[in-house]
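Heads up, the thing below is written out as structure tokens.
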Amino acid sequence: MVKGEGLALIEVKNLHKTYKSIAAVSDLSFSVDSGEFFGFLGPNGAGKTTTIKILATLVRPTSGTVTLNGYDVVRQATDVRRSIGMVFQDPSLDERLTAVENMELHGMLYGMQRGLMKAEITKLLELVDLGDRRNDMVRSFSGGMKRRLEIARGLLHQPPVLFLDEPTVGLDPQTRKHIWDYISEVRKSRGATIFLTTHYMEEAEGCHRVGIIDHGRLVAIDTPSALKKSAVKDVLTLRTSDPAVAVAIIRDELGIEPDLDGETITLTAPDDGESYLARLVALIPGITAIGVNRPTLEDVFLKLTGRDIRDEPVSALDRMRTRHRSVSRRGKH
Amino acid sequence: MLKPFCVCVYVIWLREIRKFARERTRLFAMLGQPLLYLLIMGQGLRAIFSIDIPGFDYLSFMYPGIIGMTILFTAMFASVSIIWDREFGVLKEVLVAPVPRSAIAVGKALGGSTTAVIQGTILLLLAPFVGISLTLVAVLQLIPLMFLLAFAITSLGVLVAARTETMEGFHMIMNFIIMPLFMLSGAFFPIGSAPEWMQPLMKANPVAYGVDAFRNIFFAGSEVLDFIVYYPLYYDVLVLVAFSTVTVLLGMQAFRKVD
Ligand SMILES: Nc1ncnc2c1ncn2[C@@H]1O[C@H](COP(=O)(O)OP(=O)(O)O)[C@@H](O)[C@H]1O
Ligand SMILES: [Mg+2]
């Protein structure tokens, strides 16, 4: 199914999307390789869902071109749809059907041959640990189970690309971790290209490459470690019996101006922080503690956008959905 | 292009039928309303509507109207459930699939029609209680006619729902579409005896043609037929077919643009 192995599977050029006066996406250009685990990181309203919807043919771009699996998302929408699996930000399961029924209807829509479909459904439901709940009504599932089912469903027709729009949003931390493990598992066992969006920093850390999007613009795109290296320096912290001497040594020997705060000395490493550890220990007598503080993607985001990425208040629609979910769960008991 | 279209129609239809089969309580809840109408309205109005035509009984006059009402309500509810599907995301799964979107309109209309026909057929069991004896031939004629009326209404429902995005919109549909269609269907009084100004409204109502078609079957060969029915059967059928065709095409067109 994948055309041109090794080439870019998704190719986005100068993509714009404007809703009335709002520029939801401005001048995006990037590509995703086959087999890659790609993450789009940005706060609420950054334009992540809009981008995914354009890539999935659900929204027409205002300008720019997108090719996916060699097909143009506007002119060859049906071929693109056949090439993708989709897990939407909001739930899209039929709650009044069973897990298997939801899967079967999906397989039929994608024109799967019956025997293959049945076998795949069994395999995928096992993969996401829903094998023993296959004939249960989706209504009775927890939020995490529904997400897992959606992931399995998205993979059923064996698409080269799986899109996941905020797959862990609204779930408790433990369930989030689980879903994350399933995604990694799925990626390894199915070898699919994964394109996901998130506003959780720690999730983006697990991707091969991360695109940081803010106000509809791509502000950076690289591997998590390269992003951190380019944007923020490592910070070393140490404590000694004689801070004044240590400060003088660092200034003279390393040419770095350290900060002294009470007993604690901090200095910013011009390059890889870890390489300074041994030198500092050798140079400074009486070190009682030393450590490197590696920047997180959170720091990268702060540096690039001047803002903190943080959970903003949930929208009215999200709240309504959550309420709907808890009501239907209560109804079960 | 044709195969994905048919597959999509079938999938949407199957989804409706599975859910309908599972919710038997809905089936009985939907039967409560027509029974109440027959018992209370029927019995109440029977006394007033004592027209001096031998063989005329108000209850048996109203009965085909009540079947039309049941089909109207079931079909309309089934098709506007698209608004729910949209609200709760179920529709998105189909929108992103490699199938023509116009098929959603047809699948929804057929699914709703099927459930409405099942409801209507169950109501036929009441015929003996309102003094109508049904032959097998009559039942076999009524089923396709019920389907035709149901399809006309679901097509209309789908067309309206495709352009409605909220639950408020749903209540608008209830108040400004279903109720007038019901009141002006000729279920309670014949078109011919309605005031002049009301007659054109009734003649513009597809439900009236469905009810009229049912009466054509129920009262075939009866001496009161001419008083009870307004149009010949073929005319009712023609109007319903034309109406369904236009609305389902418009509904398909509307779905091509849904996002
Ligand atoms: N259908 C729409 N109509 C108008 N504005 C929209 C629509 N969809 C998204 N937007 C706007 O586009 C911006 C990006 O939204 P979105 O892509 O949903 O962000 P994210 O998924 O990153 O939270 C927001 O300002 C949002 O309000
Ligand atoms: Mg979003």
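Ligands are numbered from 1 in the order shown, residues from 1 within each chain, and chains are lettered A, B, ... in the order they appear in the structure tokens.
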Shell of 12 Å around Leu31 of chain B, only C-alpha atoms, local chain residues under 5 positions omitted, as a short mmCIF file (atom, residue, chain, number, x, y, z; two decimals) with C-alpha atoms, in the first residue's frame:
```
data_model
loop_
_atom_site.label_atom_id
_atom_site.label_comp_id
_atom_site.auth_asym_id
_atom_site.auth_seq_id
_atom_site.Cartn_x
_atom_site.Cartn_y
_atom_site.Cartn_z
CA ARG B 24 -37.50 -3.18 22.02
CA THR B 25 -38.71 -0.82 24.71
CA ARG B 26 -38.67 1.92 22.09
CA LEU B 36 -53.89 6.88 23.14
CA TYR B 37 -54.97 8.79 20.06
CA LEU B 38 -57.29 6.03 18.97
CA ILE B 66 -52.97 7.20 13.05
CA ILE B 67 -50.84 4.78 11.04
CA MET B 69 -48.89 9.61 12.24
CA THR B 70 -46.86 6.72 13.63
CA ILE B 71 -44.86 6.53 10.43
CA PHE B 73 -43.06 10.32 13.99
CA THR B 74 -40.87 7.21 13.74
CA ALA B 116 -41.11 3.07 10.48
CA ILE B 118 -42.10 -2.19 11.12
CA GLN B 119 -43.98 0.11 13.51
CA GLY B 120 -46.74 0.67 10.98
CA THR B 121 -47.11 -3.03 10.31
CA ILE B 122 -47.50 -3.75 14.01
CA LEU B 123 -50.27 -1.17 14.13
CA LEU B 124 -52.13 -3.11 11.44
CA LEU B 125 -52.83 -5.68 14.15
CA LEU B 126 -55.30 -3.18 15.62
#
```
Review point. What residues in chain B have any atom no more than 6 Å from chain A when counting only C-alpha atoms, and can you write them as a ChimeraX atom specification?
Key: /B:8,89-90,97-98
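Closest approach to Ser102 of chain B among B:Phe214, B:Tyr230, B:Phe129, B:Phe5: B:Phe5, based on only C-alpha atoms.
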Check your understanding: Residues at most 7 Å from Leu159 of chain B, counting only C-alpha atoms, excluding those fewer than 2 positions away in the same chain, as an MDAnalysis selection string?
Key -> chainID B and resid 155:157 161:163 247 250:251 254
Check your understanding: Hey, which residues come within 10 Å of ligand 1 if we count only C-alpha atoms and all ligand atoms? Could you give them as a PyMOL selection string?
Key -> (chain A and resi 17-25+40-54+59+89+165-166+197-199+213-216) or (chain B and resi 259)
Could you please take those selected residues and save C-alpha atoms as a compact mmCIF listing (two decimals), in the first residue's frame?
```
# COMPACT_ATOMS: atom_id res chain seq x y z
CA LYS A 17 -6.33 27.71 6.62
CA THR A 18 -8.38 30.76 7.46
CA TYR A 19 -11.78 30.63 9.15
CA LYS A 20 -13.46 33.93 8.44
CA SER A 21 -10.89 36.23 10.01
CA ILE A 22 -9.06 33.62 12.14
CA ALA A 23 -5.88 32.19 10.68
CA ALA A 24 -6.09 28.70 12.21
CA VAL A 25 -3.00 27.53 10.31
CA PHE A 40 2.60 17.87 16.86
CA LEU A 41 2.91 19.81 20.08
CA GLY A 42 1.04 22.97 20.91
CA PRO A 43 -1.43 24.55 23.31
CA ASN A 44 -5.19 24.56 22.84
CA GLY A 45 -6.21 26.53 19.79
CA ALA A 46 -2.76 26.26 18.19
CA GLY A 47 -4.14 24.70 15.02
CA LYS A 48 -3.35 21.02 15.63
CA THR A 49 -6.83 19.67 14.91
CA THR A 50 -7.19 21.92 11.89
CA THR A 51 -3.93 20.56 10.46
CA ILE A 52 -4.94 16.94 11.07
CA LYS A 53 -8.34 17.55 9.51
CA ILE A 54 -6.76 19.02 6.40
CA VAL A 59 -11.24 20.36 5.86
CA GLN A 89 -10.04 14.24 19.43
CA ASP A 165 -5.63 13.80 17.66
CA GLU A 166 -4.88 14.26 21.35
CA THR A 197 -0.99 15.79 18.37
CA THR A 198 -0.71 16.54 22.03
CA HIS A 199 -0.35 19.37 24.44
CA ILE A 213 3.00 24.77 16.70
CA ASP A 214 1.74 27.99 18.20
CA HIS A 215 -0.90 30.37 16.86
CA GLY A 216 -1.07 28.32 13.68
CA ASP B 259 -18.01 18.64 7.29
```
Exercise for review: Enter the distance from atom CA of Leu249 of chain B to atom CA of Leu140 of chain B, in Å, rounded to one decimal.
Suggested key: 27.7 Å
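Among the candidates A:Met145, A:Arg217, A:Val169, A:Arg114, the residue lying nearest to ligand 2 is A:Val169 (atoms considered: only C-alpha atoms and all ligand atoms).
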Exercise for review: Determine, counting only C-alpha atoms, which protein, DNA and RNA residues have an atom within 9 Å of an atom of Val300 of chain A; residues of the same chain fewer than 4 positions away are not included. Present the result as a list in words.
Suggested key: Leu227, Lys228, Lys229, Ser230, Ala231, Val232, Pro295, Thr296, Leu304 and Thr305 of chain A
I need the chosen residues saved as a compact mmCIF listing (two decimals), in the first residue's frame, with N, CA, C and O atoms.
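The result, stored in selection11.txt:
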```
# COMPACT_ATOMS: atom_id res chain seq x y z
N LEU A 227 15.92 19.64 19.61
CA LEU A 227 15.15 20.84 19.97
C LEU A 227 15.66 21.41 21.28
O LEU A 227 15.86 22.61 21.42
N LYS A 228 15.88 20.51 22.22
CA LYS A 228 16.31 20.96 23.54
C LYS A 228 17.71 21.57 23.46
O LYS A 228 17.99 22.59 24.08
N LYS A 229 18.55 20.92 22.67
CA LYS A 229 19.92 21.40 22.55
C LYS A 229 19.95 22.78 21.91
O LYS A 229 20.68 23.66 22.34
N SER A 230 19.16 22.96 20.88
CA SER A 230 19.23 24.22 20.15
C SER A 230 18.60 25.37 20.92
O SER A 230 19.04 26.50 20.84
N ALA A 231 17.59 25.06 21.68
CA ALA A 231 16.84 26.16 22.29
C ALA A 231 17.35 26.53 23.68
O ALA A 231 17.41 27.69 24.03
N VAL A 232 17.69 25.52 24.45
CA VAL A 232 18.04 25.80 25.84
C VAL A 232 19.31 25.05 26.21
O VAL A 232 19.54 23.93 25.77
N PRO A 295 17.25 20.46 29.99
CA PRO A 295 15.99 21.16 29.70
C PRO A 295 14.93 20.18 29.23
O PRO A 295 15.24 19.14 28.68
N THR A 296 13.70 20.53 29.48
CA THR A 296 12.59 19.72 28.98
C THR A 296 12.00 20.43 27.77
O THR A 296 12.34 21.59 27.50
N LEU A 304 10.74 29.37 22.95
CA LEU A 304 10.35 29.68 21.58
C LEU A 304 9.14 30.60 21.48
O LEU A 304 9.02 31.37 20.55
N THR A 305 8.24 30.47 22.43
CA THR A 305 6.99 31.22 22.31
C THR A 305 6.84 32.28 23.39
O THR A 305 5.94 33.11 23.32
```
Check your understanding: What lies within 12 Å of Leu181 of chain B using only C-alpha atoms, ignoring chain neighbours under 6 positions off, as a list in words?
Key -> Gly65, Gly68, Met69, Ile71, Leu72, Phe73, Met76, Ile153, Leu156, Ile173, Met174, Asn175, Ala187, Leu201, Met202, Lys203, Ala204, Asn205, Pro206, Val207, Ala208, Tyr209, Gly210 and Val211 of chain B
Check your understanding: Using only C-alpha atoms, which residues sit within 12 Å of Leu238 of chain B once same-chain residues fewer than 4 positions away are excluded, as number ranges by chain?
Key -> B: 145, 148-149, 152, 206, 209-210, 213, 231-234, 242-245
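Closest to ligand 2 among A:Met201, A:Arg251, A:Pro167, A:Arg176 is A:Pro167, based on only C-alpha atoms and all ligand atoms.
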Check your understanding: Out of A:Thr168, A:Gly273, A:Lys13, A:Leu267, which residue has the shortest atom-to-atom distance to ligand 2 when counting only C-alpha atoms and all ligand atoms?
Key -> A:Thr168
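Remark: for Ala152 of chain A, the closest of the candidate residues A:Glu126, A:Asp234, A:Glu205, A:Asp27 is A:Glu126 (distances computed over only C-alpha atoms).
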